[in-house]
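**Student:** Below you'll find model.txt; it's compact mmCIF, N, CA and C atoms.
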```
# COMPACT_ATOMS: atom_id res chain seq x y z
N MET A 1 -75.18 -45.11 -32.43
CA MET A 1 -76.28 -46.05 -32.35
C MET A 1 -77.58 -45.26 -32.26
N GLY A 2 -78.53 -45.61 -33.11
CA GLY A 2 -79.79 -44.91 -33.17
C GLY A 2 -80.92 -45.63 -32.44
N TYR A 3 -82.08 -45.01 -32.49
CA TYR A 3 -83.30 -45.56 -31.90
C TYR A 3 -84.42 -45.31 -32.90
N PRO A 4 -84.53 -46.17 -33.93
CA PRO A 4 -85.51 -45.91 -35.00
C PRO A 4 -86.95 -46.12 -34.56
N PHE A 5 -87.81 -45.20 -35.00
CA PHE A 5 -89.26 -45.34 -34.85
C PHE A 5 -89.78 -45.70 -36.22
N GLN A 6 -90.40 -46.89 -36.31
CA GLN A 6 -90.84 -47.42 -37.59
C GLN A 6 -92.33 -47.71 -37.54
N SER A 7 -93.07 -47.33 -38.60
CA SER A 7 -94.50 -47.62 -38.64
C SER A 7 -94.71 -49.13 -38.77
N VAL A 8 -95.78 -49.60 -38.16
CA VAL A 8 -96.07 -51.03 -38.13
C VAL A 8 -96.68 -51.51 -39.44
N ASP A 9 -97.68 -50.78 -39.95
CA ASP A 9 -98.45 -51.25 -41.09
C ASP A 9 -97.70 -51.20 -42.42
N ARG A 10 -96.87 -50.21 -42.60
CA ARG A 10 -96.04 -50.16 -43.81
C ARG A 10 -94.67 -49.68 -43.36
N PRO A 11 -93.74 -50.62 -43.25
CA PRO A 11 -92.44 -50.29 -42.67
C PRO A 11 -91.81 -49.04 -43.28
N LYS A 12 -91.80 -47.99 -42.48
CA LYS A 12 -91.22 -46.72 -42.88
C LYS A 12 -90.62 -46.09 -41.63
N ILE A 13 -89.41 -45.59 -41.76
CA ILE A 13 -88.78 -44.93 -40.62
C ILE A 13 -89.41 -43.55 -40.47
N LEU A 14 -89.98 -43.31 -39.29
CA LEU A 14 -90.62 -42.03 -38.99
C LEU A 14 -89.64 -41.06 -38.36
N TRP A 15 -88.64 -41.61 -37.69
CA TRP A 15 -87.61 -40.80 -37.02
C TRP A 15 -86.53 -41.75 -36.56
N ASP A 16 -85.28 -41.35 -36.63
CA ASP A 16 -84.18 -42.19 -36.17
C ASP A 16 -83.19 -41.34 -35.37
N PRO A 17 -83.59 -41.00 -34.13
CA PRO A 17 -82.71 -40.17 -33.29
C PRO A 17 -81.60 -41.00 -32.66
N ALA A 18 -80.72 -40.31 -31.97
CA ALA A 18 -79.70 -40.99 -31.17
C ALA A 18 -80.40 -41.83 -30.09
N LEU A 19 -79.72 -42.86 -29.64
CA LEU A 19 -80.29 -43.80 -28.67
C LEU A 19 -80.92 -43.11 -27.47
N ARG A 20 -80.18 -42.25 -26.80
CA ARG A 20 -80.68 -41.60 -25.58
C ARG A 20 -81.85 -40.67 -25.87
N VAL A 21 -81.83 -40.03 -27.01
CA VAL A 21 -82.93 -39.14 -27.38
C VAL A 21 -84.20 -39.96 -27.60
N GLY A 22 -84.08 -41.07 -28.31
CA GLY A 22 -85.23 -41.94 -28.53
C GLY A 22 -85.77 -42.52 -27.24
N GLN A 23 -84.88 -42.95 -26.36
CA GLN A 23 -85.31 -43.48 -25.07
C GLN A 23 -86.00 -42.41 -24.24
N ALA A 24 -85.51 -41.20 -24.27
CA ALA A 24 -86.13 -40.10 -23.53
C ALA A 24 -87.53 -39.82 -24.08
N TYR A 25 -87.66 -39.80 -25.40
CA TYR A 25 -88.97 -39.57 -26.01
C TYR A 25 -89.97 -40.63 -25.55
N VAL A 26 -89.57 -41.90 -25.63
CA VAL A 26 -90.48 -42.99 -25.24
C VAL A 26 -90.89 -42.87 -23.78
N ALA A 27 -89.94 -42.56 -22.91
CA ALA A 27 -90.25 -42.41 -21.48
C ALA A 27 -91.24 -41.27 -21.25
N LEU A 28 -91.01 -40.14 -21.91
CA LEU A 28 -91.91 -39.00 -21.76
C LEU A 28 -93.30 -39.32 -22.33
N ALA A 29 -93.33 -39.97 -23.48
CA ALA A 29 -94.61 -40.32 -24.10
C ALA A 29 -95.41 -41.28 -23.21
N ARG A 30 -94.75 -42.28 -22.66
CA ARG A 30 -95.45 -43.23 -21.79
C ARG A 30 -96.07 -42.54 -20.59
N GLU A 31 -95.30 -41.68 -19.94
CA GLU A 31 -95.81 -40.98 -18.76
C GLU A 31 -96.94 -40.02 -19.13
N ALA A 32 -96.78 -39.29 -20.22
CA ALA A 32 -97.84 -38.37 -20.65
C ALA A 32 -99.10 -39.15 -21.02
N GLY A 33 -98.92 -40.29 -21.67
CA GLY A 33 -100.06 -41.13 -22.01
C GLY A 33 -100.77 -41.63 -20.78
N GLU A 34 -100.00 -42.10 -19.82
CA GLU A 34 -100.59 -42.60 -18.58
C GLU A 34 -101.35 -41.50 -17.84
N LEU A 35 -100.77 -40.32 -17.75
CA LEU A 35 -101.41 -39.20 -17.06
C LEU A 35 -102.70 -38.76 -17.74
N ASN A 36 -102.77 -38.94 -19.06
CA ASN A 36 -103.94 -38.51 -19.83
C ASN A 36 -104.86 -39.66 -20.23
N GLY A 37 -104.56 -40.87 -19.76
CA GLY A 37 -105.40 -42.03 -20.10
C GLY A 37 -105.35 -42.40 -21.57
N LEU A 38 -104.17 -42.26 -22.17
CA LEU A 38 -103.99 -42.52 -23.60
C LEU A 38 -102.95 -43.60 -23.84
N SER A 39 -103.22 -44.50 -24.76
CA SER A 39 -102.20 -45.44 -25.22
C SER A 39 -101.32 -44.70 -26.22
N THR A 40 -100.03 -45.01 -26.21
CA THR A 40 -99.10 -44.29 -27.09
C THR A 40 -99.04 -44.86 -28.50
N GLY A 41 -99.26 -46.14 -28.64
CA GLY A 41 -99.08 -46.78 -29.95
C GLY A 41 -97.63 -47.17 -30.19
N LEU A 42 -96.78 -47.01 -29.18
CA LEU A 42 -95.36 -47.35 -29.29
C LEU A 42 -95.11 -48.72 -28.66
N THR A 43 -94.43 -49.58 -29.39
CA THR A 43 -94.07 -50.90 -28.89
C THR A 43 -92.58 -51.11 -29.14
N GLU A 44 -91.89 -51.55 -28.11
CA GLU A 44 -90.45 -51.78 -28.26
C GLU A 44 -90.20 -52.83 -29.34
N ASN A 45 -89.23 -52.55 -30.19
CA ASN A 45 -88.82 -53.47 -31.23
C ASN A 45 -87.42 -53.96 -30.87
N GLU A 46 -87.34 -55.11 -30.25
CA GLU A 46 -86.06 -55.64 -29.78
C GLU A 46 -85.10 -55.95 -30.93
N ARG A 47 -85.66 -56.32 -32.07
CA ARG A 47 -84.83 -56.67 -33.22
C ARG A 47 -84.09 -55.44 -33.77
N LEU A 48 -84.81 -54.32 -33.88
CA LEU A 48 -84.20 -53.09 -34.41
C LEU A 48 -83.61 -52.20 -33.33
N GLY A 49 -84.04 -52.43 -32.09
CA GLY A 49 -83.54 -51.60 -31.00
C GLY A 49 -84.26 -50.28 -30.87
N GLY A 50 -85.40 -50.14 -31.49
CA GLY A 50 -86.18 -48.90 -31.42
C GLY A 50 -87.61 -49.20 -31.03
N SER A 51 -88.54 -48.49 -31.65
CA SER A 51 -89.96 -48.68 -31.37
C SER A 51 -90.74 -48.83 -32.67
N ASP A 52 -91.71 -49.74 -32.64
CA ASP A 52 -92.70 -49.83 -33.71
C ASP A 52 -93.81 -48.87 -33.34
N VAL A 53 -94.39 -48.23 -34.34
CA VAL A 53 -95.44 -47.25 -34.11
C VAL A 53 -96.72 -47.68 -34.82
N ASP A 54 -97.76 -47.94 -34.04
CA ASP A 54 -99.09 -48.19 -34.59
C ASP A 54 -99.67 -46.81 -34.87
N LEU A 55 -99.71 -46.42 -36.13
CA LEU A 55 -100.07 -45.05 -36.49
C LEU A 55 -101.50 -44.67 -36.11
N VAL A 56 -102.42 -45.62 -36.10
CA VAL A 56 -103.80 -45.32 -35.71
C VAL A 56 -103.85 -44.94 -34.23
N VAL A 57 -103.21 -45.74 -33.39
CA VAL A 57 -103.18 -45.46 -31.95
C VAL A 57 -102.34 -44.23 -31.67
N PHE A 58 -101.22 -44.09 -32.37
CA PHE A 58 -100.33 -42.94 -32.19
C PHE A 58 -101.04 -41.64 -32.57
N GLN A 59 -101.88 -41.68 -33.59
CA GLN A 59 -102.64 -40.49 -33.98
C GLN A 59 -103.60 -40.11 -32.85
N GLN A 60 -104.26 -41.08 -32.25
CA GLN A 60 -105.16 -40.80 -31.13
C GLN A 60 -104.38 -40.23 -29.93
N PHE A 61 -103.20 -40.78 -29.68
CA PHE A 61 -102.33 -40.28 -28.60
C PHE A 61 -101.95 -38.82 -28.86
N THR A 62 -101.47 -38.55 -30.08
CA THR A 62 -101.03 -37.19 -30.42
C THR A 62 -102.20 -36.21 -30.37
N GLN A 63 -103.34 -36.62 -30.88
CA GLN A 63 -104.52 -35.76 -30.84
C GLN A 63 -104.93 -35.49 -29.39
N GLY A 64 -104.88 -36.53 -28.56
CA GLY A 64 -105.22 -36.37 -27.15
C GLY A 64 -104.29 -35.40 -26.43
N LEU A 65 -102.98 -35.49 -26.71
CA LEU A 65 -102.03 -34.54 -26.12
C LEU A 65 -102.31 -33.12 -26.60
N TYR A 66 -102.56 -32.99 -27.89
CA TYR A 66 -102.86 -31.68 -28.46
C TYR A 66 -104.12 -31.09 -27.81
N ASP A 67 -105.15 -31.90 -27.68
CA ASP A 67 -106.39 -31.43 -27.06
C ASP A 67 -106.16 -31.01 -25.61
N SER A 68 -105.34 -31.78 -24.88
CA SER A 68 -105.00 -31.41 -23.50
C SER A 68 -104.28 -30.07 -23.46
N TYR A 69 -103.35 -29.90 -24.39
CA TYR A 69 -102.61 -28.64 -24.50
C TYR A 69 -103.57 -27.47 -24.73
N CYS A 70 -104.51 -27.67 -25.64
CA CYS A 70 -105.44 -26.59 -26.00
C CYS A 70 -106.49 -26.31 -24.92
N ARG A 71 -106.75 -27.27 -24.05
CA ARG A 71 -107.75 -27.08 -22.99
C ARG A 71 -107.25 -26.20 -21.85
N THR A 72 -105.94 -26.05 -21.73
CA THR A 72 -105.41 -25.29 -20.60
C THR A 72 -104.70 -24.04 -21.08
N ARG A 73 -104.61 -23.07 -20.20
CA ARG A 73 -103.82 -21.87 -20.46
C ARG A 73 -102.62 -21.83 -19.51
N ASN A 74 -102.33 -22.96 -18.87
CA ASN A 74 -101.25 -23.03 -17.90
C ASN A 74 -99.90 -22.96 -18.62
N PHE A 75 -99.17 -21.89 -18.38
CA PHE A 75 -97.90 -21.64 -19.06
C PHE A 75 -96.90 -22.77 -18.83
N VAL A 76 -96.80 -23.26 -17.60
CA VAL A 76 -95.83 -24.32 -17.27
C VAL A 76 -96.21 -25.62 -17.95
N LEU A 77 -97.49 -26.00 -17.93
CA LEU A 77 -97.92 -27.22 -18.60
C LEU A 77 -97.68 -27.13 -20.10
N HIS A 78 -97.93 -25.97 -20.68
CA HIS A 78 -97.63 -25.78 -22.10
C HIS A 78 -96.15 -26.06 -22.37
N GLY A 79 -95.28 -25.53 -21.53
CA GLY A 79 -93.85 -25.75 -21.70
C GLY A 79 -93.47 -27.21 -21.58
N LEU A 80 -94.09 -27.89 -20.64
CA LEU A 80 -93.77 -29.31 -20.44
C LEU A 80 -94.23 -30.17 -21.62
N LEU A 81 -95.36 -29.85 -22.19
CA LEU A 81 -95.92 -30.66 -23.29
C LEU A 81 -95.36 -30.30 -24.66
N ARG A 82 -94.86 -29.10 -24.82
CA ARG A 82 -94.49 -28.57 -26.13
C ARG A 82 -93.54 -29.47 -26.94
N GLY A 83 -92.40 -29.81 -26.39
CA GLY A 83 -91.43 -30.61 -27.14
C GLY A 83 -91.94 -32.00 -27.48
N LEU A 84 -92.60 -32.63 -26.52
CA LEU A 84 -93.17 -33.95 -26.76
C LEU A 84 -94.22 -33.89 -27.87
N LEU A 85 -95.06 -32.89 -27.79
CA LEU A 85 -96.14 -32.76 -28.75
C LEU A 85 -95.63 -32.43 -30.15
N LEU A 86 -94.70 -31.50 -30.27
CA LEU A 86 -94.16 -31.17 -31.59
C LEU A 86 -93.45 -32.36 -32.21
N THR A 87 -92.67 -33.09 -31.42
CA THR A 87 -92.00 -34.28 -31.93
C THR A 87 -93.01 -35.31 -32.40
N SER A 88 -94.07 -35.49 -31.63
CA SER A 88 -95.12 -36.46 -31.99
C SER A 88 -95.82 -36.05 -33.28
N ILE A 89 -96.11 -34.77 -33.44
CA ILE A 89 -96.78 -34.30 -34.65
C ILE A 89 -95.89 -34.51 -35.88
N VAL A 90 -94.60 -34.25 -35.76
CA VAL A 90 -93.68 -34.47 -36.88
C VAL A 90 -93.68 -35.95 -37.28
N MET A 91 -93.58 -36.85 -36.30
CA MET A 91 -93.59 -38.28 -36.62
C MET A 91 -94.92 -38.69 -37.24
N LEU A 92 -96.02 -38.21 -36.68
CA LEU A 92 -97.34 -38.54 -37.20
C LEU A 92 -97.47 -38.09 -38.66
N GLU A 93 -97.06 -36.87 -38.95
CA GLU A 93 -97.15 -36.37 -40.32
C GLU A 93 -96.22 -37.14 -41.26
N LYS A 94 -95.06 -37.54 -40.77
CA LYS A 94 -94.14 -38.36 -41.58
C LYS A 94 -94.80 -39.68 -41.97
N GLY A 95 -95.67 -40.18 -41.09
CA GLY A 95 -96.39 -41.43 -41.36
C GLY A 95 -97.68 -41.23 -42.13
N GLY A 96 -97.98 -39.98 -42.51
CA GLY A 96 -99.16 -39.71 -43.32
C GLY A 96 -100.38 -39.27 -42.53
N GLY A 97 -100.25 -39.13 -41.21
CA GLY A 97 -101.38 -38.72 -40.39
C GLY A 97 -101.39 -37.23 -40.11
N SER A 98 -102.42 -36.80 -39.41
CA SER A 98 -102.52 -35.39 -39.02
C SER A 98 -103.43 -35.28 -37.80
N ILE A 99 -103.45 -34.09 -37.22
CA ILE A 99 -104.33 -33.82 -36.10
C ILE A 99 -105.38 -32.80 -36.53
N ALA A 100 -106.52 -32.82 -35.84
CA ALA A 100 -107.54 -31.79 -36.03
C ALA A 100 -107.13 -30.62 -35.15
N ARG A 101 -106.97 -29.45 -35.75
CA ARG A 101 -106.44 -28.29 -35.03
C ARG A 101 -107.54 -27.39 -34.48
N ASN A 102 -107.18 -26.71 -33.40
CA ASN A 102 -108.02 -25.69 -32.77
C ASN A 102 -107.14 -24.44 -32.70
N ARG A 103 -107.04 -23.73 -33.79
CA ARG A 103 -106.10 -22.62 -33.92
C ARG A 103 -106.28 -21.54 -32.85
N GLU A 104 -107.51 -21.32 -32.41
CA GLU A 104 -107.75 -20.28 -31.40
C GLU A 104 -107.15 -20.65 -30.05
N ARG A 105 -106.98 -21.93 -29.79
CA ARG A 105 -106.53 -22.38 -28.47
C ARG A 105 -105.09 -22.88 -28.44
N GLU A 106 -104.43 -23.00 -29.58
CA GLU A 106 -103.10 -23.63 -29.57
C GLU A 106 -101.97 -22.70 -29.17
N ASP A 107 -102.24 -21.43 -29.01
CA ASP A 107 -101.30 -20.49 -28.40
C ASP A 107 -99.91 -20.51 -29.07
N GLY A 108 -99.90 -20.54 -30.42
CA GLY A 108 -98.63 -20.48 -31.15
C GLY A 108 -97.82 -21.77 -31.14
N LEU A 109 -98.42 -22.85 -30.68
CA LEU A 109 -97.70 -24.13 -30.55
C LEU A 109 -96.98 -24.54 -31.83
N LEU A 110 -97.64 -24.45 -32.96
CA LEU A 110 -97.08 -25.02 -34.19
C LEU A 110 -96.16 -24.07 -34.95
N GLU A 111 -95.86 -22.91 -34.38
CA GLU A 111 -94.93 -21.99 -35.02
C GLU A 111 -93.55 -22.60 -35.23
N ASP A 112 -93.16 -23.51 -34.34
CA ASP A 112 -91.84 -24.14 -34.42
C ASP A 112 -91.87 -25.53 -35.08
N LEU A 113 -93.00 -25.91 -35.64
CA LEU A 113 -93.12 -27.27 -36.20
C LEU A 113 -92.10 -27.51 -37.32
N ASP A 114 -91.92 -26.57 -38.22
CA ASP A 114 -90.96 -26.74 -39.32
C ASP A 114 -89.53 -26.87 -38.78
N ALA A 115 -89.21 -26.08 -37.76
CA ALA A 115 -87.87 -26.17 -37.16
C ALA A 115 -87.66 -27.54 -36.53
N TYR A 116 -88.68 -28.07 -35.87
CA TYR A 116 -88.58 -29.41 -35.28
C TYR A 116 -88.38 -30.45 -36.38
N ALA A 117 -89.16 -30.35 -37.45
CA ALA A 117 -89.05 -31.32 -38.55
C ALA A 117 -87.64 -31.32 -39.14
N ARG A 118 -87.10 -30.13 -39.36
CA ARG A 118 -85.73 -30.05 -39.90
C ARG A 118 -84.73 -30.64 -38.93
N ALA A 119 -84.82 -30.28 -37.66
CA ALA A 119 -83.87 -30.76 -36.67
C ALA A 119 -83.94 -32.27 -36.48
N MET A 120 -85.14 -32.83 -36.58
CA MET A 120 -85.30 -34.28 -36.40
C MET A 120 -84.68 -35.06 -37.55
N TRP A 121 -84.52 -34.45 -38.72
CA TRP A 121 -83.96 -35.17 -39.86
C TRP A 121 -82.55 -34.75 -40.20
N GLU A 122 -82.04 -33.74 -39.51
CA GLU A 122 -80.65 -33.34 -39.74
C GLU A 122 -79.68 -34.19 -38.95
N GLY A 123 -80.20 -34.84 -37.92
CA GLY A 123 -79.36 -35.73 -37.13
C GLY A 123 -78.82 -35.02 -35.98
```
Starting from the coordinates I provided, produce the structure as structure tokens.

**Tutor:**
Amino acid sequence: MGYPFQSVDRPKILWDPALRVGQAYVALAREAGELNGLSTGLTENERLGGSDVDLVVFQQFTQGLYDSYCRTRNFVLHGLLRGLLLTSIVMLEKGGGSIARNREREDGLLEDLDAYARAMWEG
């Protein structure tokens, strides 16, 4: 049983992880959003059993997380945000969006982006 993330404006599956993986992502995103004063753009879809993604709001959420990551040099905070942020960037790009990058401050964050993208679609 999966947990599909589908874009709202043009129905497209952005990611379809296992149920527990999808639920974990949503829980982490909600808490990170709350801590950073950001809306996630994720809305539970009871019909599909996953989440609808408002890509405009989700792009702002992902950009906000990225900016928070780049503002700090805290090694532990980087570790905590890394997986959530890379997963969010992969979904955002799958939906046609992108983030504005600050290469000097991202501390190698996106080196694993391709590996995340492959792993998210290999199942």

**Student:** Could you check the closest approach to Asp67 in chain A for each of A:Arg118, A:Phe5, A:Thr43, A:Asn102 and tell me which residue wins, using only N, CA and C atoms?

**Tutor:**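 When distances to Asp67 in chain A are compared using only N, CA and C atoms, the smallest one comes from A:Asn102.
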
**Student:** For a test of reading the model, state the distance in Å between CA of Ala119 in chain A and atom N of Ala100 in chain A, rounded to one decimal.

**Tutor:**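 Between CA of Ala119 in chain A and atom N of Ala100 in chain A the gap works out to 22.8 Å.
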
**Student:** Could you tell me, as a ChimeraX atom specification, which residues of range 15-116 of chain A DSSP assigns to helix (DSSP H, G or I) when given the backbone?

**Tutor:** /A:19-36,55-71,75-94,109-116

**Student:** Would you list the contacts of Gln6 in chain A as a compact mmCIF listing (two decimals) with N, CA and C atoms, in the coordinates of the input, taking every protein, DNA or RNA residue within 6.5 Å and counting all atoms listed in the file, but skipping same-chain residues closer than 3 positions in sequence?

**Tutor:**
```txt
# COMPACT_ATOMS: atom_id res chain seq x y z
N PRO A 11 -93.74 -50.62 -43.25
CA PRO A 11 -92.44 -50.29 -42.67
C PRO A 11 -91.81 -49.04 -43.28
N LYS A 12 -91.80 -47.99 -42.48
CA LYS A 12 -91.22 -46.72 -42.88
C LYS A 12 -90.62 -46.09 -41.63
N ILE A 13 -89.41 -45.59 -41.76
CA ILE A 13 -88.78 -44.93 -40.62
C ILE A 13 -89.41 -43.55 -40.47
N LEU A 14 -89.98 -43.31 -39.29
CA LEU A 14 -90.62 -42.03 -38.99
C LEU A 14 -89.64 -41.06 -38.36
N TRP A 15 -88.64 -41.61 -37.69
CA TRP A 15 -87.61 -40.80 -37.02
C TRP A 15 -86.53 -41.75 -36.56
N GLY A 50 -85.40 -50.14 -31.49
CA GLY A 50 -86.18 -48.90 -31.42
C GLY A 50 -87.61 -49.20 -31.03
N SER A 51 -88.54 -48.49 -31.65
CA SER A 51 -89.96 -48.68 -31.37
C SER A 51 -90.74 -48.83 -32.67
N ASP A 52 -91.71 -49.74 -32.64
CA ASP A 52 -92.70 -49.83 -33.71
C ASP A 52 -93.81 -48.87 -33.34
N VAL A 53 -94.39 -48.23 -34.34
CA VAL A 53 -95.44 -47.25 -34.11
C VAL A 53 -96.72 -47.68 -34.82
N ASP A 54 -97.76 -47.94 -34.04
CA ASP A 54 -99.09 -48.19 -34.59
C ASP A 54 -99.67 -46.81 -34.87
```

**Student:** List every residue of range 40-114 of chain A that DSSP, applied to the backbone of this structure, assigns to strand (DSSP E), and report them as a list in words.

**Tutor:** Leu42, Thr43, Glu44, Asn45, Gly50, Ser51, Asp52 and Val53 of chain A

**Student:** Applying 9 Å and only C-alpha atoms, which residues near Met120 in chain A remain after dropping the ones on its own chain fewer than 3 positions away? List them as number ranges by chain.

**Tutor:** A: 15-17, 87, 90, 115-117, 123

**Student:** Between atom N of Leu85 in chain A and atom N of Glu122 in chain A, what is the distance in Å, rounded to a tenth?

**Tutor:** 17.5 Å

**Student:** Which of these residues is nearest to Asn45 in chain A, using only C-alpha atoms: A:Leu19, A:Pro4, A:Lys94, A:Glu104?

**Tutor:**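 Smallest separation from Asn45 in chain A among the options: A:Pro4.
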
**Student:** Any idea what the distance is between atom N of Phe58 in chain A and CA of Gly41 in chain A?

**Tutor:**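 Taking atom N of Phe58 in chain A as the start and CA of Gly41 in chain A as the end point, the length is 4.2 Å.
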
**Student:** Counting only N, CA and C atoms, which residue out of A:Cys70, A:Gly2, A:Leu86, A:Phe61 sits closest to Gly37 in chain A?

**Tutor:**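 Smallest separation from Gly37 in chain A among the options: A:Phe61.
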
**Student:** Looking at all atoms listed in the file, which of A:Leu77, A:Leu84, A:Thr62, A:Leu38 is the one that sits closest to Tyr25 in chain A?

**Tutor:**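 Ranking A:Leu77, A:Leu84, A:Thr62, A:Leu38 by distance to Tyr25 in chain A, first place goes to A:Leu84.
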
**Student:** My list of candidates is A:Leu55, A:Gly95, A:Leu65, A:Met1. Which is closest to Asn36 in chain A when distances are computed with all atoms listed in the file?

**Tutor:**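 Result for the nearest residue to Asn36 in chain A: A:Leu65.
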
**Student:** Could you write range 70-78 of chain A as an mmCIF file, keeping the file's coordinate frame, with all heavy atoms rebuilt where they are missing?

**Tutor:**
```cif
data_model
loop_
_atom_site.group_PDB
_atom_site.id
_atom_site.type_symbol
_atom_site.label_atom_id
_atom_site.label_comp_id
_atom_site.auth_asym_id
_atom_site.auth_seq_id
_atom_site.Cartn_x
_atom_site.Cartn_y
_atom_site.Cartn_z
ATOM 1 N N CYS A 70 -104.510 -27.670 -25.640
ATOM 2 C CA CYS A 70 -105.440 -26.590 -26.000
ATOM 3 C C CYS A 70 -106.490 -26.310 -24.920
ATOM 4 O O CYS A 70 -107.044 -25.213 -24.880
ATOM 5 C CB CYS A 70 -106.139 -26.921 -27.321
ATOM 6 S SG CYS A 70 -105.048 -26.843 -28.760
ATOM 7 N N ARG A 71 -106.750 -27.270 -24.050
ATOM 8 C CA ARG A 71 -107.750 -27.080 -22.990
ATOM 9 C C ARG A 71 -107.250 -26.200 -21.850
ATOM 10 O O ARG A 71 -108.052 -25.712 -21.069
ATOM 11 C CB ARG A 71 -108.180 -28.426 -22.416
ATOM 12 C CG ARG A 71 -109.282 -29.095 -23.185
ATOM 13 C CD ARG A 71 -109.893 -30.239 -22.406
ATOM 14 N NE ARG A 71 -108.980 -31.302 -22.096
ATOM 15 C CZ ARG A 71 -108.718 -32.337 -22.881
ATOM 16 N NH1 ARG A 71 -109.311 -32.449 -24.046
ATOM 17 N NH2 ARG A 71 -107.882 -33.275 -22.502
ATOM 18 N N THR A 72 -105.940 -26.050 -21.730
ATOM 19 C CA THR A 72 -105.410 -25.290 -20.600
ATOM 20 C C THR A 72 -104.700 -24.040 -21.080
ATOM 21 O O THR A 72 -104.222 -23.981 -22.205
ATOM 22 C CB THR A 72 -104.455 -26.149 -19.748
ATOM 23 O OG1 THR A 72 -104.052 -25.407 -18.599
ATOM 24 C CG2 THR A 72 -103.218 -26.576 -20.526
ATOM 25 N N ARG A 73 -104.610 -23.070 -20.200
ATOM 26 C CA ARG A 73 -103.820 -21.870 -20.460
ATOM 27 C C ARG A 73 -102.620 -21.830 -19.510
ATOM 28 O O ARG A 73 -101.966 -20.810 -19.379
ATOM 29 C CB ARG A 73 -104.673 -20.598 -20.266
ATOM 30 C CG ARG A 73 -105.738 -20.422 -21.304
ATOM 31 C CD ARG A 73 -105.110 -20.063 -22.618
ATOM 32 N NE ARG A 73 -106.140 -19.832 -23.618
ATOM 33 C CZ ARG A 73 -105.938 -20.011 -24.908
ATOM 34 N NH1 ARG A 73 -104.786 -20.418 -25.342
ATOM 35 N NH2 ARG A 73 -106.895 -19.784 -25.757
ATOM 36 N N ASN A 74 -102.330 -22.960 -18.870
ATOM 37 C CA ASN A 74 -101.250 -23.030 -17.900
ATOM 38 C C ASN A 74 -99.900 -22.960 -18.620
ATOM 39 O O ASN A 74 -99.533 -23.871 -19.371
ATOM 40 C CB ASN A 74 -101.358 -24.300 -17.067
ATOM 41 C CG ASN A 74 -100.348 -24.359 -15.953
ATOM 42 O OD1 ASN A 74 -99.157 -24.472 -16.202
ATOM 43 N ND2 ASN A 74 -100.829 -24.288 -14.724
ATOM 44 N N PHE A 75 -99.170 -21.890 -18.380
ATOM 45 C CA PHE A 75 -97.900 -21.640 -19.060
ATOM 46 C C PHE A 75 -96.900 -22.770 -18.830
ATOM 47 O O PHE A 75 -96.207 -23.213 -19.747
ATOM 48 C CB PHE A 75 -97.340 -20.302 -18.564
ATOM 49 C CG PHE A 75 -96.015 -19.946 -19.179
ATOM 50 C CD1 PHE A 75 -95.955 -19.434 -20.461
ATOM 51 C CD2 PHE A 75 -94.836 -20.122 -18.476
ATOM 52 C CE1 PHE A 75 -94.741 -19.098 -21.040
ATOM 53 C CE2 PHE A 75 -93.613 -19.795 -19.047
ATOM 54 C CZ PHE A 75 -93.566 -19.283 -20.328
ATOM 55 N N VAL A 76 -96.800 -23.260 -17.600
ATOM 56 C CA VAL A 76 -95.830 -24.320 -17.270
ATOM 57 C C VAL A 76 -96.210 -25.620 -17.950
ATOM 58 O O VAL A 76 -95.362 -26.301 -18.546
ATOM 59 C CB VAL A 76 -95.704 -24.499 -15.743
ATOM 60 C CG1 VAL A 76 -94.810 -25.678 -15.409
ATOM 61 C CG2 VAL A 76 -95.174 -23.228 -15.090
ATOM 62 N N LEU A 77 -97.490 -26.000 -17.930
ATOM 63 C CA LEU A 77 -97.920 -27.220 -18.600
ATOM 64 C C LEU A 77 -97.680 -27.130 -20.100
ATOM 65 O O LEU A 77 -97.245 -28.086 -20.733
ATOM 66 C CB LEU A 77 -99.388 -27.532 -18.296
ATOM 67 C CG LEU A 77 -99.906 -28.859 -18.838
ATOM 68 C CD1 LEU A 77 -99.045 -30.029 -18.365
ATOM 69 C CD2 LEU A 77 -101.353 -29.062 -18.440
ATOM 70 N N HIS A 78 -97.930 -25.970 -20.680
ATOM 71 C CA HIS A 78 -97.630 -25.780 -22.100
ATOM 72 C C HIS A 78 -96.150 -26.060 -22.370
ATOM 73 O O HIS A 78 -95.807 -26.749 -23.324
ATOM 74 C CB HIS A 78 -97.971 -24.353 -22.547
ATOM 75 C CG HIS A 78 -99.406 -24.162 -22.887
ATOM 76 N ND1 HIS A 78 -99.884 -22.996 -23.423
ATOM 77 C CD2 HIS A 78 -100.481 -24.972 -22.760
ATOM 78 C CE1 HIS A 78 -101.178 -23.097 -23.639
ATOM 79 N NE2 HIS A 78 -101.570 -24.291 -23.233
#
```
